[in-house]
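Since the structure comes first, as structure tokens, the remarks are kept for the end.
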Amino acid sequence: MTLSQLSAPPRSAVRSDLSALRDVLRNPSGFLLTLSQAAGDIAQFSAGPVRIVSINRADLAQRVLVEQADAFRKMPAVRVIGALTGNGLLINEDATWRRHRRLAAPAFQHRRIAAYADTIAALASEAVAGWRVGDVLDVGQAMKTLTLRIIGLTLFDTDFALDAAGLSDDIEIALDFINRQSGRVSLPILDRLTPGKVRGLEAIAKVDHFVRSLIRARRASPGGHTDLLDMLMGARDADGSGLSDDEVRDEAITLIVAGHETVATALTWTFHLLGQYPQAAERLRTEAQVALEDRLAAFGDLERLPWALQVFKESMRLYPAAFVIGREARQRVDLGEFRIAAGTWVMICPYTSHRDPRAWANPLGFDPDRFAPAAERAIPRGAYIPFGAGPRVCIGNQFALLEAQIILATIARQFRLTPVDDRPMGIRPMITLNPDRPVMMRVECLARSHSPRDARGV
Ligand code: HEM
């Protein structure tokens with residue numbers, strides 16, 4: 001990669017060639033990490049007609065996402081996911097986005113999320129009931145099936161049990177296909193129907209069919225539900241207009257995709273890290289056994305499970321599932337000492353900013369104590385953004401934290417998961433940041449060794 005310093009903005013660099021666009025689309029986190037190390041606070045490069053700026057400083061990320069959010073829209077490359085999700089909340093803008101966000105918001109209010117806790121605990125407990133000591137688990141697969149069932153029962157009042165594994169596979173194939181398409185630079189005339197493309201399009205059609213069937217079934221028998229699907233289908237504006245079935249379909253697929261893959265990936269990294277840091281795993285086990293004894297977790301237990309939450313937050317620092325957040329400048333924008341032209345793509349990379357030595361001591365070390373309450377309050381704004389920030393912040397962030405805390409405690413209370421090999425794990429940046437091979441772990445059983453009295457002071 002050739003980088004040359006720009007004269008005007010300090011600590012910034014420019015790169016201009018077409019391969020830059022391909023690199024950034026194919027391996028954004030690797031590309032941006034190299035770029036941030038080479039270029040500092042802000043790096044600028046152009047790819048044909050597209051001017052791209054990558055931002056590597058917390059206060060600048062905070063300006064783009066929060067303080068000057070109105071000056072930006074989602075980056076056009078983000079819209080590729082629309083092939084699966086349609087024009088759902090992840091990509092829609094302006095008045096449509098505001099309307100849909102307002103309609104979906106009640107499903108994510110604190111009171112509602114608290115009510116999901118029992119369902120999450122019951123499904124987590126059911127998932128581990130089939131685990132046997134000595135089993136070798138594909139942790140990613142197990143987490144995807146579980147988080148998909150959780151989305152199904154909490155937001156759609158439907159048990160996806162029979163469909164969960166197949167639906168999860170279809171979503172993965174569809175996302176993989178979309179990811180590959182976005183990294184391709186090809187002419188439409190060469191864009192033949194390859195077997196990979198056929199599989200990708202089939203997977204998208206199957207997810208579409210599944211969700212449209214849910215909507216049809218609900219229209220046929222609407223009574224007795226108070227879930228997100230009911231809110232979306234029953235919503236009325238002041239003029240009495242509601243969402244069309246296509247709009248409901250787009251939002252439903254968006255929430256299924258955004259709401260299960262991300263949490264599953266983040267949990268998979270968490271178990272991988274706990275396998276590398278047995279003392280943190282041991283502390284989690286003790287905490288879970290003391291807080292839950294032999295019961296299922298409930299909302300009231302969460303305050304007694306602070307380590308589980310800290311572990312999850314630290315895991316998302318090192319491996320943020322949403323590793324790049326993209327915007328496009330609607331107009332010319334002054335960001336502190338930098339000026340950005342209208343139409344510029346702006347890439348904020350939580351993967352790099354979460355590893356920035358200026359914001360984090362020992363940035364590559366796994367240390368959940370960074371998220372103990374006092375330490376967490378001292379983290380500079382914009383330095384820790386696994387859920388984004390500002391008006392487009394993840395609508396499911398509190399849901400995800402509660403879900404992860406319950407799943408971690410439910411598993412840690414009964415089992416220890418140990419790595420089956422010691423090879424270092426690399427990253428595979430897809431639409432989310434995946435491990436570069438399946439995380440396979442062995443199930444070991446735990447004898448209860450701590451009574452609540454033993455474990456005081458954990
Ligand atoms: C660990 C889990 C999760 C992570 C890391 C994550 C990450 C993110 C990030 C970074 C954004 C902002 C993207 C941007 O600003 O361009 C986002 C948006 C969004 N997330 Fe999440 N998310 C997670 C879980 C969830 C869950 C559980 C749901 C729903 C059940 C969800 C639904 C959404 C939706 C609908 C948006 C778009 C919001 C809008 O623009 O109004 N996410 N997520």
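Residue numbering restarts at 1 for every chain of the structure tokens, chains are lettered A, B, ... in their displayed order, and ligands are numbered from 1 as they appear.
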Go through chain A and flag each residue having an atom no more than 6 Å from ligand 1; for those, report the closest pair of atoms plus their distance in Å to one decimal, using only C-alpha atoms and all ligand atoms, ordered by chain and rising number, as JSON lines.
```
{"residue": "A:Leu89", "atom": "CA", "partner": "ligand 1", "partner_atom_place_in_ligand_line": "37 (C)", "distance": 4.9}
{"residue": "A:Leu90", "atom": "CA", "partner": "ligand 1", "partner_atom_place_in_ligand_line": "37 (C)", "distance": 3.9}
{"residue": "A:Arg101", "atom": "CA", "partner": "ligand 1", "partner_atom_place_in_ligand_line": "41 (O)", "distance": 5.6}
{"residue": "A:Leu255", "atom": "CA", "partner": "ligand 1", "partner_atom_place_in_ligand_line": "29 (C)", "distance": 4.9}
{"residue": "A:Ala258", "atom": "CA", "partner": "ligand 1", "partner_atom_place_in_ligand_line": "31 (C)", "distance": 4.7}
{"residue": "A:Gly259", "atom": "CA", "partner": "ligand 1", "partner_atom_place_in_ligand_line": "26 (C)", "distance": 3.4}
{"residue": "A:Thr262", "atom": "CA", "partner": "ligand 1", "partner_atom_place_in_ligand_line": "2 (C)", "distance": 4.4}
{"residue": "A:Val263", "atom": "CA", "partner": "ligand 1", "partner_atom_place_in_ligand_line": "2 (C)", "distance": 4.0}
{"residue": "A:Ala266", "atom": "CA", "partner": "ligand 1", "partner_atom_place_in_ligand_line": "1 (C)", "distance": 5.5}
{"residue": "A:Pro320", "atom": "CA", "partner": "ligand 1", "partner_atom_place_in_ligand_line": "5 (C)", "distance": 5.9}
{"residue": "A:Ala321", "atom": "CA", "partner": "ligand 1", "partner_atom_place_in_ligand_line": "5 (C)", "distance": 4.8}
{"residue": "A:Ala322", "atom": "CA", "partner": "ligand 1", "partner_atom_place_in_ligand_line": "10 (C)", "distance": 5.0}
{"residue": "A:Ile325", "atom": "CA", "partner": "ligand 1", "partner_atom_place_in_ligand_line": "16 (O)", "distance": 4.9}
{"residue": "A:Gly326", "atom": "CA", "partner": "ligand 1", "partner_atom_place_in_ligand_line": "16 (O)", "distance": 5.9}
{"residue": "A:Pro386", "atom": "CA", "partner": "ligand 1", "partner_atom_place_in_ligand_line": "5 (C)", "distance": 5.1}
{"residue": "A:Phe387", "atom": "CA", "partner": "ligand 1", "partner_atom_place_in_ligand_line": "10 (C)", "distance": 3.8}
{"residue": "A:Gly388", "atom": "CA", "partner": "ligand 1", "partner_atom_place_in_ligand_line": "10 (C)", "distance": 4.1}
{"residue": "A:Arg392", "atom": "CA", "partner": "ligand 1", "partner_atom_place_in_ligand_line": "40 (O)", "distance": 4.1}
{"residue": "A:Val393", "atom": "CA", "partner": "ligand 1", "partner_atom_place_in_ligand_line": "12 (C)", "distance": 4.9}
{"residue": "A:Cys394", "atom": "CA", "partner": "ligand 1", "partner_atom_place_in_ligand_line": "18 (C)", "distance": 3.5}
{"residue": "A:Ile395", "atom": "CA", "partner": "ligand 1", "partner_atom_place_in_ligand_line": "33 (C)", "distance": 5.0}
{"residue": "A:Gly396", "atom": "CA", "partner": "ligand 1", "partner_atom_place_in_ligand_line": "28 (C)", "distance": 3.7}
{"residue": "A:Asn397", "atom": "CA", "partner": "ligand 1", "partner_atom_place_in_ligand_line": "24 (C)", "distance": 5.5}
{"residue": "A:Phe399", "atom": "CA", "partner": "ligand 1", "partner_atom_place_in_ligand_line": "27 (C)", "distance": 5.5}
{"residue": "A:Ala400", "atom": "CA", "partner": "ligand 1", "partner_atom_place_in_ligand_line": "27 (C)", "distance": 4.5}
```
Distance query Glu247 (chain A) at most 12 Å, only C-alpha atoms, self and fewer than 2 positions along chain excluded, as a list in words
Thr85, Gly86, Asn87, Gly88, Leu89, Asn92, Thr96, Trp97, Arg99, His100, Leu103, Val211, Arg212, Ile215, Leu229, Leu232, Met233, Ala235, Gly242, Leu243, Ser244, Asp245, Arg249, Asp250, Glu251, Ala252, Ile253 and Thr254 of chain A
Can I get the selection written as a compact mmCIF listing (two decimals), in the first residue's frame, with N, CA, C and O atoms?
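Printed below is again.txt as written:
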```txt
# COMPACT_ATOMS: atom_id res chain seq x y z
N THR A 85 -32.45 -7.63 3.35
CA THR A 85 -33.34 -7.00 4.34
C THR A 85 -34.34 -6.04 3.72
O THR A 85 -35.20 -5.52 4.44
N GLY A 86 -34.23 -5.77 2.42
CA GLY A 86 -35.08 -4.72 1.85
C GLY A 86 -34.70 -3.39 2.48
O GLY A 86 -33.61 -3.23 3.04
N ASN A 87 -35.67 -2.48 2.47
CA ASN A 87 -35.35 -1.13 2.96
C ASN A 87 -35.69 -1.01 4.44
O ASN A 87 -36.47 -0.15 4.85
N GLY A 88 -35.09 -1.88 5.28
CA GLY A 88 -35.41 -1.88 6.71
C GLY A 88 -34.62 -0.83 7.47
O GLY A 88 -33.86 -0.06 6.88
N LEU A 89 -34.77 -0.85 8.80
CA LEU A 89 -34.18 0.19 9.65
C LEU A 89 -32.67 0.37 9.47
O LEU A 89 -32.17 1.46 9.64
N ASN A 92 -32.68 2.41 5.91
CA ASN A 92 -33.54 3.50 5.45
C ASN A 92 -33.15 4.82 6.10
O ASN A 92 -32.35 4.86 7.04
N THR A 96 -38.77 8.20 6.48
CA THR A 96 -39.14 6.77 6.58
C THR A 96 -38.45 6.14 7.77
O THR A 96 -39.06 5.39 8.55
N TRP A 97 -37.15 6.44 7.92
CA TRP A 97 -36.41 5.87 9.05
C TRP A 97 -37.02 6.32 10.37
O TRP A 97 -37.26 5.51 11.27
N ARG A 99 -40.02 7.29 11.07
CA ARG A 99 -41.33 6.67 11.29
C ARG A 99 -41.16 5.22 11.76
O ARG A 99 -41.75 4.78 12.75
N HIS A 100 -40.30 4.47 11.04
CA HIS A 100 -40.15 3.05 11.37
C HIS A 100 -39.46 2.87 12.72
O HIS A 100 -39.79 1.97 13.48
N LEU A 103 -41.98 3.34 15.36
CA LEU A 103 -42.90 2.21 15.48
C LEU A 103 -42.27 1.01 16.17
O LEU A 103 -42.93 0.29 16.92
N VAL A 211 -40.48 -15.23 6.26
CA VAL A 211 -41.03 -14.06 6.95
C VAL A 211 -42.41 -13.69 6.39
O VAL A 211 -43.32 -13.33 7.14
N ARG A 212 -42.58 -13.82 5.09
CA ARG A 212 -43.92 -13.53 4.53
C ARG A 212 -44.95 -14.51 5.09
O ARG A 212 -46.10 -14.14 5.32
N ILE A 215 -46.06 -13.29 8.42
CA ILE A 215 -46.98 -12.14 8.31
C ILE A 215 -48.38 -12.63 7.89
O ILE A 215 -49.39 -12.23 8.46
N LEU A 229 -44.06 -7.88 16.04
CA LEU A 229 -44.78 -8.06 14.77
C LEU A 229 -46.16 -7.41 14.87
O LEU A 229 -46.61 -6.73 13.93
N LEU A 232 -45.75 -3.65 14.58
CA LEU A 232 -45.49 -3.19 13.21
C LEU A 232 -46.74 -3.30 12.36
O LEU A 232 -47.07 -2.40 11.59
N MET A 233 -47.48 -4.41 12.52
CA MET A 233 -48.65 -4.61 11.66
C MET A 233 -49.83 -3.76 12.08
O MET A 233 -50.65 -3.36 11.24
N ALA A 235 -49.55 -0.76 13.60
CA ALA A 235 -49.21 0.65 13.76
C ALA A 235 -50.01 1.53 12.81
O ALA A 235 -50.22 1.17 11.65
N GLY A 242 -50.98 2.73 7.75
CA GLY A 242 -50.09 1.80 8.45
C GLY A 242 -48.95 1.38 7.54
O GLY A 242 -48.72 1.95 6.47
N LEU A 243 -48.19 0.35 7.97
CA LEU A 243 -47.11 -0.16 7.14
C LEU A 243 -47.68 -1.19 6.16
O LEU A 243 -48.56 -1.97 6.53
N SER A 244 -47.17 -1.18 4.94
CA SER A 244 -47.58 -2.21 3.98
C SER A 244 -46.93 -3.54 4.39
O SER A 244 -45.98 -3.57 5.18
N ASP A 245 -47.42 -4.64 3.82
CA ASP A 245 -46.80 -5.94 4.14
C ASP A 245 -45.32 -5.96 3.73
O ASP A 245 -44.50 -6.59 4.39
N ARG A 249 -42.36 -6.72 6.23
CA ARG A 249 -41.40 -7.78 5.86
C ARG A 249 -39.97 -7.27 5.98
O ARG A 249 -39.09 -7.92 6.54
N ASP A 250 -39.71 -6.06 5.46
CA ASP A 250 -38.35 -5.51 5.50
C ASP A 250 -37.88 -5.32 6.96
O ASP A 250 -36.75 -5.66 7.30
N GLU A 251 -38.76 -4.78 7.79
CA GLU A 251 -38.35 -4.55 9.18
C GLU A 251 -38.19 -5.87 9.93
O GLU A 251 -37.28 -6.01 10.75
N ALA A 252 -39.06 -6.83 9.64
CA ALA A 252 -38.96 -8.12 10.33
C ALA A 252 -37.65 -8.82 9.96
O ALA A 252 -36.91 -9.29 10.84
N ILE A 253 -37.33 -8.85 8.67
CA ILE A 253 -36.06 -9.51 8.28
C ILE A 253 -34.88 -8.76 8.88
O ILE A 253 -33.92 -9.36 9.38
N THR A 254 -34.95 -7.43 8.85
CA THR A 254 -33.85 -6.64 9.42
C THR A 254 -33.60 -7.03 10.87
O THR A 254 -32.47 -7.25 11.30
```
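CA of Pro391 (chain A) is positioned 26.1 Å from CA of Ile178 (chain A).
Among the candidates A:Lys206, A:Arg218, A:Arg327, A:Arg377, the residue lying nearest to Pro76 (chain A) is A:Arg327 (atoms considered: only C-alpha atoms).
In this structure, CA of Gln181 (chain A) sits 10.3 Å away from CA of Gly196 (chain A).
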For the atom pair CA of Arg285 (chain A) and CA of Gln414 (chain A), what is the interatomic distance in Å to one decimal place?
8.0 Å
Between A:Gly240, A:Val50, A:Ala372, A:His272, which is the closest to Pro306 (chain A) once you count only C-alpha atoms?
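For Pro306 (chain A), the nearest of the given residues is A:Ala372.
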